[in-house]
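Structure file structure.cif; described as mmCIF, C-alpha atoms and all ligand atoms.
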data_work
#
loop_
_atom_site.label_atom_id
_atom_site.label_comp_id
_atom_site.auth_asym_id
_atom_site.auth_seq_id
_atom_site.Cartn_x
_atom_site.Cartn_y
_atom_site.Cartn_z
CA MET A 16 -11.10 -0.10 -11.61
CA GLU A 17 -13.66 -0.10 -8.86
CA VAL A 18 -14.10 2.95 -6.64
CA VAL A 19 -15.80 2.42 -3.29
CA ILE A 20 -16.79 5.47 -1.25
CA VAL A 21 -17.04 4.79 2.48
CA PRO A 22 -18.16 7.14 5.25
CA ASP A 23 -14.81 7.28 7.04
CA ALA A 24 -11.40 5.69 7.58
CA THR A 25 -12.73 3.12 10.05
CA ALA A 26 -15.29 1.86 7.53
CA GLY A 27 -12.57 1.69 4.87
CA GLY A 28 -10.33 -0.28 7.22
CA GLU A 29 -13.11 -2.73 8.04
CA LEU A 30 -14.06 -3.24 4.39
CA ILE A 31 -10.50 -3.95 3.30
CA ALA A 32 -9.74 -6.12 6.34
CA GLU A 33 -12.76 -8.26 5.43
CA ALA A 34 -11.49 -8.57 1.85
CA ILE A 35 -8.11 -9.74 3.19
CA ALA A 36 -9.79 -12.15 5.60
CA SER A 37 -11.82 -13.58 2.77
CA LEU A 38 -8.68 -14.04 0.65
CA VAL A 39 -6.89 -15.79 3.53
CA ARG A 40 -9.88 -18.10 4.06
CA ARG A 41 -9.60 -19.12 0.38
CA LYS A 42 -5.80 -19.18 0.32
CA PRO A 43 -4.33 -19.53 3.83
CA ASP A 44 -0.74 -18.87 2.73
CA ALA A 45 -1.62 -15.77 0.69
CA LEU A 46 1.17 -13.25 0.20
CA LEU A 47 -0.09 -9.86 1.40
CA GLY A 48 1.75 -6.75 0.28
CA VAL A 49 1.45 -4.09 2.94
CA ALA A 50 1.91 -0.34 2.84
CA THR A 51 3.10 2.02 5.54
CA GLY A 52 2.02 5.55 6.48
CA SER A 53 -0.98 6.47 8.61
CA THR A 54 -3.73 5.55 6.15
CA PRO A 55 -3.61 1.73 6.31
CA LEU A 56 -3.52 1.53 10.12
CA PRO A 57 -7.33 1.04 10.44
CA ILE A 58 -6.99 -1.95 8.08
CA TYR A 59 -4.36 -3.58 10.26
CA GLU A 60 -6.34 -2.90 13.44
CA ALA A 61 -9.51 -4.39 11.95
CA LEU A 62 -7.65 -7.43 10.61
CA ALA A 63 -5.89 -8.11 13.93
CA GLY A 64 -9.32 -7.80 15.60
CA LYS A 65 -10.72 -10.49 13.30
CA VAL A 66 -7.78 -12.77 14.07
CA ARG A 67 -8.23 -12.28 17.83
CA ALA A 68 -11.97 -12.94 17.52
CA GLY A 69 -11.29 -16.17 15.63
CA ALA A 70 -13.08 -14.90 12.51
CA VAL A 71 -10.05 -15.77 10.39
CA ASP A 72 -6.96 -17.91 10.85
CA ALA A 73 -4.08 -15.87 9.42
CA SER A 74 -1.34 -18.06 10.90
CA ARG A 75 -0.08 -19.18 7.48
CA ALA A 76 -0.32 -15.77 5.78
CA ARG A 77 2.84 -14.21 4.43
CA ILE A 78 3.65 -10.51 4.42
CA CYS A 79 5.81 -8.45 2.10
CA GLN A 80 6.92 -4.87 2.09
CA LEU A 81 6.22 -2.22 -0.54
CA ASP A 82 9.13 0.10 0.08
CA GLU A 83 11.90 1.01 2.48
CA TYR A 84 14.17 3.87 3.44
CA VAL A 85 17.80 3.56 2.45
CA GLY A 86 20.51 4.05 5.03
CA LEU A 87 18.60 3.91 8.31
CA PRO A 88 20.44 1.70 10.77
CA ALA A 89 18.96 -1.82 11.03
CA GLY A 90 16.24 -1.84 13.67
CA HIS A 91 15.58 1.94 13.44
CA PRO A 92 11.97 2.34 14.71
CA GLU A 93 10.94 4.23 11.56
CA SER A 94 12.49 1.86 9.05
CA TYR A 95 9.54 0.38 7.22
CA ARG A 96 10.68 -3.08 8.26
CA SER A 97 10.28 -2.06 11.91
CA VAL A 98 6.94 -0.38 11.18
CA VAL A 99 5.52 -3.44 9.41
CA LEU A 100 6.77 -5.74 12.18
CA ARG A 101 5.11 -3.50 14.77
CA GLU A 102 1.86 -2.72 12.97
CA VAL A 103 1.20 -5.92 11.01
CA VAL A 104 3.41 -8.94 11.68
CA GLU A 105 3.27 -8.89 15.49
CA PRO A 106 -0.43 -7.96 15.89
CA LEU A 107 -1.35 -10.80 13.51
CA GLY A 108 0.72 -13.19 15.64
CA LEU A 109 3.01 -14.05 12.73
CA ASP A 110 6.64 -14.99 12.89
CA GLU A 111 9.27 -12.69 11.38
CA SER A 112 10.19 -15.53 9.02
CA SER A 113 6.85 -15.04 7.22
CA PHE A 114 7.86 -11.48 6.26
CA ILE A 115 10.02 -10.40 3.33
CA GLY A 116 11.24 -6.95 2.39
CA PRO A 117 14.09 -5.18 0.62
CA ASP A 118 17.31 -4.63 2.55
CA GLY A 119 17.57 -0.86 3.01
CA SER A 120 20.91 -1.13 4.75
CA ALA A 121 22.60 -3.19 2.01
CA GLU A 122 25.92 -1.91 0.70
CA ASP A 123 24.94 -2.84 -2.82
CA VAL A 124 21.49 -1.27 -3.04
CA GLN A 125 20.96 -2.21 -6.69
CA ALA A 126 21.64 -5.88 -5.92
CA ALA A 127 19.24 -5.68 -2.96
CA CYS A 128 16.52 -4.31 -5.26
CA GLU A 129 17.02 -7.07 -7.83
CA ALA A 130 17.09 -9.68 -5.06
CA TYR A 131 13.77 -8.39 -3.75
CA ASP A 132 12.03 -8.59 -7.13
CA ARG A 133 13.33 -12.17 -7.41
CA ALA A 134 12.14 -13.01 -3.89
CA LEU A 135 8.65 -11.76 -4.74
CA SER A 136 8.42 -13.99 -7.81
CA GLU A 137 9.93 -16.97 -6.00
CA ALA A 138 7.26 -16.50 -3.32
CA GLY A 139 4.65 -16.95 -6.05
CA GLY A 140 3.79 -13.28 -6.51
CA VAL A 141 1.74 -10.93 -4.36
CA ASP A 142 -1.91 -11.92 -3.96
CA LEU A 143 -3.18 -8.62 -2.62
CA GLN A 144 -1.15 -5.42 -2.50
CA LEU A 145 -2.32 -2.62 -0.24
CA LEU A 146 -1.44 0.89 -1.32
CA GLY A 147 -1.75 4.35 0.12
CA ILE A 148 -1.25 7.45 -1.99
CA GLY A 149 1.06 10.42 -1.55
CA THR A 150 -0.26 13.96 -1.87
CA ASP A 151 1.58 14.08 -5.21
CA GLY A 152 -0.02 10.83 -6.40
CA HIS A 153 2.89 8.54 -5.57
CA ILE A 154 2.41 4.87 -4.75
CA GLY A 155 5.06 3.07 -2.74
CA PHE A 156 7.82 5.62 -3.18
CA ASN A 157 7.34 5.95 -6.93
CA GLU A 158 7.47 9.69 -7.22
CA PRO A 159 5.97 11.61 -10.19
CA CYS A 160 7.52 10.66 -13.53
CA SER A 161 8.51 7.20 -12.32
CA SER A 162 8.42 4.80 -15.23
CA LEU A 163 5.14 2.93 -15.41
CA ALA A 164 7.23 -0.16 -16.25
CA SER A 165 9.71 0.31 -13.39
CA ARG A 166 11.02 -2.53 -11.25
CA THR A 167 12.19 -2.35 -7.63
CA ARG A 168 14.95 0.22 -7.48
CA ILE A 169 16.40 3.16 -5.59
CA LYS A 170 14.55 6.49 -5.80
CA THR A 171 15.17 9.98 -4.48
CA LEU A 172 12.30 11.50 -2.50
CA THR A 173 10.79 14.84 -3.47
CA ARG A 174 10.92 17.72 -1.01
CA GLN A 175 7.14 17.35 -0.54
CA THR A 176 7.32 13.66 0.41
CA ARG A 177 10.17 14.26 2.84
CA ALA A 178 8.12 17.05 4.43
CA ASP A 179 5.00 14.82 4.56
CA ASN A 180 6.96 12.05 6.28
CA ALA A 181 8.88 14.32 8.67
CA ARG A 182 6.22 13.75 11.35
CA PHE A 183 7.60 10.27 11.94
CA PHE A 184 11.11 11.54 12.72
CA ASP A 185 12.57 13.76 15.46
CA SER A 186 13.56 16.39 12.89
CA PRO A 187 12.80 16.90 9.16
CA ASP A 188 16.51 16.54 8.36
CA GLU A 189 16.43 12.95 9.57
CA VAL A 190 14.09 11.82 6.76
CA PRO A 191 16.31 9.89 4.35
CA HIS A 192 16.68 11.23 0.81
CA HIS A 193 16.82 7.79 -0.72
CA VAL A 194 14.47 4.84 -0.67
CA ILE A 195 13.94 1.44 -2.24
CA THR A 196 10.50 0.94 -3.71
CA GLN A 197 8.75 -1.77 -5.63
CA GLY A 198 8.51 -0.35 -9.13
CA ILE A 199 5.19 0.46 -10.72
CA GLY A 200 5.68 -2.52 -13.04
CA THR A 201 6.36 -4.68 -9.98
CA ILE A 202 3.26 -3.40 -8.18
CA LEU A 203 1.11 -4.06 -11.25
CA GLU A 204 2.07 -7.76 -11.07
CA ALA A 205 0.13 -8.26 -7.83
CA ARG A 206 -3.14 -10.12 -8.42
CA HIS A 207 -5.29 -7.53 -6.67
CA LEU A 208 -4.41 -3.91 -5.89
CA VAL A 209 -6.30 -2.16 -3.11
CA LEU A 210 -5.62 1.52 -2.56
CA LEU A 211 -7.02 3.31 0.48
CA ALA A 212 -7.10 7.11 0.63
CA THR A 213 -8.64 9.16 3.40
CA GLY A 214 -8.89 12.88 4.12
CA GLU A 215 -9.23 15.98 2.00
CA GLY A 216 -5.48 16.23 1.50
CA LYS A 217 -5.69 13.22 -0.83
CA ALA A 218 -8.74 14.39 -2.84
CA GLU A 219 -6.81 15.97 -5.70
CA ALA A 220 -4.40 13.04 -6.08
CA VAL A 221 -7.33 10.60 -6.02
CA ALA A 222 -9.27 12.53 -8.68
CA GLN A 223 -6.25 12.69 -10.96
CA SER A 224 -5.45 9.01 -10.46
CA VAL A 225 -8.97 7.74 -11.03
CA GLU A 226 -10.42 10.17 -13.54
CA GLY A 227 -7.34 11.68 -15.17
CA PRO A 228 -5.24 10.19 -17.95
CA VAL A 229 -2.77 7.39 -17.25
CA ALA A 230 0.42 9.36 -16.80
CA ALA A 231 3.80 8.84 -15.18
CA LEU A 232 3.27 12.28 -13.67
CA VAL A 233 0.58 10.73 -11.45
CA PRO A 234 1.98 7.30 -10.53
CA ALA A 235 -1.27 6.01 -8.98
CA SER A 236 -3.01 6.48 -12.34
CA ALA A 237 -1.19 3.26 -13.32
CA LEU A 238 -3.91 1.41 -11.41
CA GLN A 239 -6.10 2.06 -14.45
CA LEU A 240 -3.94 -0.49 -16.28
CA HIS A 241 -4.63 -3.26 -13.76
CA ARG A 242 -7.43 -5.76 -14.29
CA HIS A 243 -8.35 -5.92 -10.60
CA ALA A 244 -7.79 -2.59 -8.87
CA THR A 245 -9.96 -1.31 -6.04
CA VAL A 246 -9.80 2.26 -4.77
CA VAL A 247 -11.45 2.79 -1.38
CA VAL A 248 -11.92 6.43 -0.39
CA ASP A 249 -13.69 8.22 2.41
CA GLU A 250 -16.06 11.10 1.64
CA ALA A 251 -13.31 13.70 2.05
CA ALA A 252 -10.88 11.95 -0.30
CA ALA A 253 -13.76 11.43 -2.77
CA SER A 254 -14.74 15.10 -2.72
CA LYS A 255 -13.11 15.94 -6.07
CA LEU A 256 -14.39 12.93 -8.00
CA LYS A 257 -16.77 13.98 -10.79
CA LEU A 258 -18.24 10.48 -10.98
CA ALA A 259 -18.82 10.05 -7.23
CA ASP A 260 -22.55 9.45 -7.63
CA TYR A 261 -21.93 6.84 -10.31
CA PHE A 262 -19.40 5.07 -8.07
CA ARG A 263 -21.87 5.09 -5.16
CA ALA A 264 -24.70 3.69 -7.26
CA THR A 265 -22.56 0.97 -8.82
CA TYR A 266 -21.24 -0.22 -5.47
CA ALA A 267 -24.71 -0.14 -3.88
CA ALA A 268 -25.99 -2.40 -6.66
CA LYS A 269 -23.07 -4.82 -6.52
CA PRO A 270 -23.90 -8.45 -5.71
CA ALA A 271 -22.62 -9.15 -2.19
CA TRP A 272 -20.94 -12.42 -3.23
CA GLN A 273 -18.50 -10.50 -5.44
CA GLY A 274 -16.64 -8.96 -2.52
CA LEU A 275 -14.03 -6.38 -3.46
N1 LIG B 301 5.88 5.26 1.08
C1 LIG B 301 4.71 5.66 1.77
C2 LIG B 301 3.51 5.39 0.89
O1 LIG B 301 3.37 3.99 0.72
C3 LIG B 301 2.27 5.97 1.53
O2 LIG B 301 1.15 5.69 0.74
C4 LIG B 301 2.42 7.47 1.66
C5 LIG B 301 1.20 8.14 2.24
O3 LIG B 301 1.21 8.06 3.64
P1 LIG B 301 0.00 8.43 4.55
O4 LIG B 301 -0.94 7.29 4.46
O5 LIG B 301 0.58 8.57 5.92
O6 LIG B 301 -0.58 9.68 4.05
O7 LIG B 301 3.52 7.69 2.54
C6 LIG B 301 4.77 7.13 2.16
O8 LIG B 301 5.33 7.92 1.20
#
Now that the file is in, can you turn its structure into structure tokens?
Ligand SMILES: N[C@@H]1[C@@H](O)[C@H](O)[C@@H](COP(=O)(O)O)O[C@@H]1O
Amino acid sequence: MEVVIVPDATAGGELIAEAIASLVRRKPDALLGVATGSTPLPIYEALAGKVRAGAVDASRARICQLDEYVGLPAGHPESYRSVVLREVVEPLGLDESSFIGPDGSAEDVQAACEAYDRALSEAGGVDLQLLGIGTDGHIGFNEPCSSLASRTRIKTLTRQTRADNARFFDSPDEVPHHVITQGIGTILEARHLVLLATGEGKAEAVAQSVEGPVAALVPASALQLHRHATVVVDEAAASKLKLADYFRATYAAKPAWQGL
């Protein structure tokens, strides 16, 4: 696992957007797994900026979703499908047909989950999966104690996660209790995992994920099992890392051609 400490969220967004651009230059039809929440927005802004400036042609890129609320009416502005369309697919100038995600309004949720895992493999697997991290260490919507081998499935949100996500809804009661999320086992199949965490509120979860034991209690610690995982953190989110100086020195000495 590589840990990169950046000055702030904008620098993190730029660094990761450049890594995505570089992937798309090598593999124009790359499948990019995107995350929702506030943290990845600087990545999407920086990437859309590169596309507008002609620095990368992302017209053949494909996008896939990490997770989704269950039971929101189709087209609800806070369904993750709507969010990804708004924040990623449209700004990159892509067509909706290049975007796959689980069907959160399906009657048979279990079948929708299995269908999504199949769709990901049929698409050739995820080339680069972006991740944020919950204050409790969750990735996607894999809450603490999620199986490290889990596949896409329905989960129940913790009280903390519903409270954290209430800001996107008119009232806290509107946050769904249930979600579909790529499982941790599913996420680990992506070829490159890139987690961005910013702000002091994520410092404890980051420290436990990076420097603690691999444990289902801290789902993001599963990144330690992946052969190509990159954790990008701003100074505030890095503030509880014991090895921060080591991470800084290693990244500073990294050959530029290696990228992330
Ligand atoms: N399902 C999403 C996660 O994918 C995201 O990482 C997390 C953190 O969001 P934020 O970046 O807004 O803190 O929120 C939600 O729970």
Identify, counting only C-alpha atoms and all ligand atoms, the protein, DNA and RNA residues located within 10 Å of ligand LIG 301 (chain B), and give them as a PyMOL selection string.
chain A and resi 49-56+80-84+95+145-158+172-173+175-177+179-180+182-183+194-196+210-214+216-217
Using all atoms listed in the file, find each residue in segment 69-114 of chain A having at least one atom no more than 8 Å away from segment 26-48 of chain A; report its shortest atom-to-atom pair and that distance in Å (one decimal), rows by chain then rising number, as CSV.
residue,atom,partner,partner_atom,distance
A:Val71,CA,A:Ala36,CA,6.0
A:Asp72,CA,A:Arg40,CA,7.4
A:Ala73,CA,A:Val39,CA,6.5
A:Ser74,CA,A:Pro43,CA,7.8
A:Arg75,CA,A:Asp44,CA,4.8
A:Ala76,CA,A:Asp44,CA,4.4
A:Arg77,CA,A:Leu46,CA,4.6
A:Ile78,CA,A:Leu47,CA,4.9
A:Cys79,CA,A:Gly48,CA,4.8
A:Gln80,CA,A:Gly48,CA,5.8
A:Leu81,CA,A:Gly48,CA,6.4
Give the answer as one residue: which of A:Ala237, A:Val21, A:Ala205, A:Ala63 has the shortest atom-to-atom distance to Arg101 of chain A, using only C-alpha atoms?
A:Ala63
Between atom CA of Gly108 of chain A and atom CA of Leu275 of chain A, what distance in Å does the model show, to one decimal?
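Between these atoms lies a distance of 25.1 Å.
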Length of the atom CA of Thr167 of chain A to atom CA of Ala127 of chain A vector [Å]
9.1 Å
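Of the listed residues A:Asp123, A:Asp132, A:Asp110, A:Asp142, the one whose atoms come nearest to Gly198 of chain A is A:Asp132, with distances taken using all atoms listed in the file.
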Residues within 9 Å of Ala89 of chain A, please, as a PyMOL selection string. Count only C-alpha atoms; anything in the same chain fewer than 4 positions from it doesn't count.
chain A and resi 94+96-97+119-120
Output C-alpha atoms for every residue in that selection, as a short mmCIF file (atom, residue, chain, number, x, y, z; two decimals), keeping the file's coordinate frame.
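Wrote again_10.cif, looks like this:
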data_model
loop_
_atom_site.label_atom_id
_atom_site.label_comp_id
_atom_site.auth_asym_id
_atom_site.auth_seq_id
_atom_site.Cartn_x
_atom_site.Cartn_y
_atom_site.Cartn_z
CA SER A 94 12.49 1.86 9.05
CA ARG A 96 10.68 -3.08 8.26
CA SER A 97 10.28 -2.06 11.91
CA GLY A 119 17.57 -0.86 3.01
CA SER A 120 20.91 -1.13 4.75
#
Which one of A:Ala121, A:Ile199, A:Ala253, A:Cys128 sits closest to Val221 of chain A if you count all atoms listed in the file?
A:Ala253
Contacts of Ala222 of chain A at 12 Å (only C-alpha atoms; same-chain gap of 2+ positions) as a PyMOL selection string
chain A and resi 18+148+150-152+212+215-220+224-229+233+235-236+246+248+251-259
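One finds atom CA of Lys170 of chain A at 24.3 Å from atom CA of His207 of chain A.
The smallest atom-to-atom distance between Thr245 of chain A and any of A:Glu60, A:Glu17, A:Glu111, A:Asp260, using only C-alpha atoms, is found for A:Glu17.
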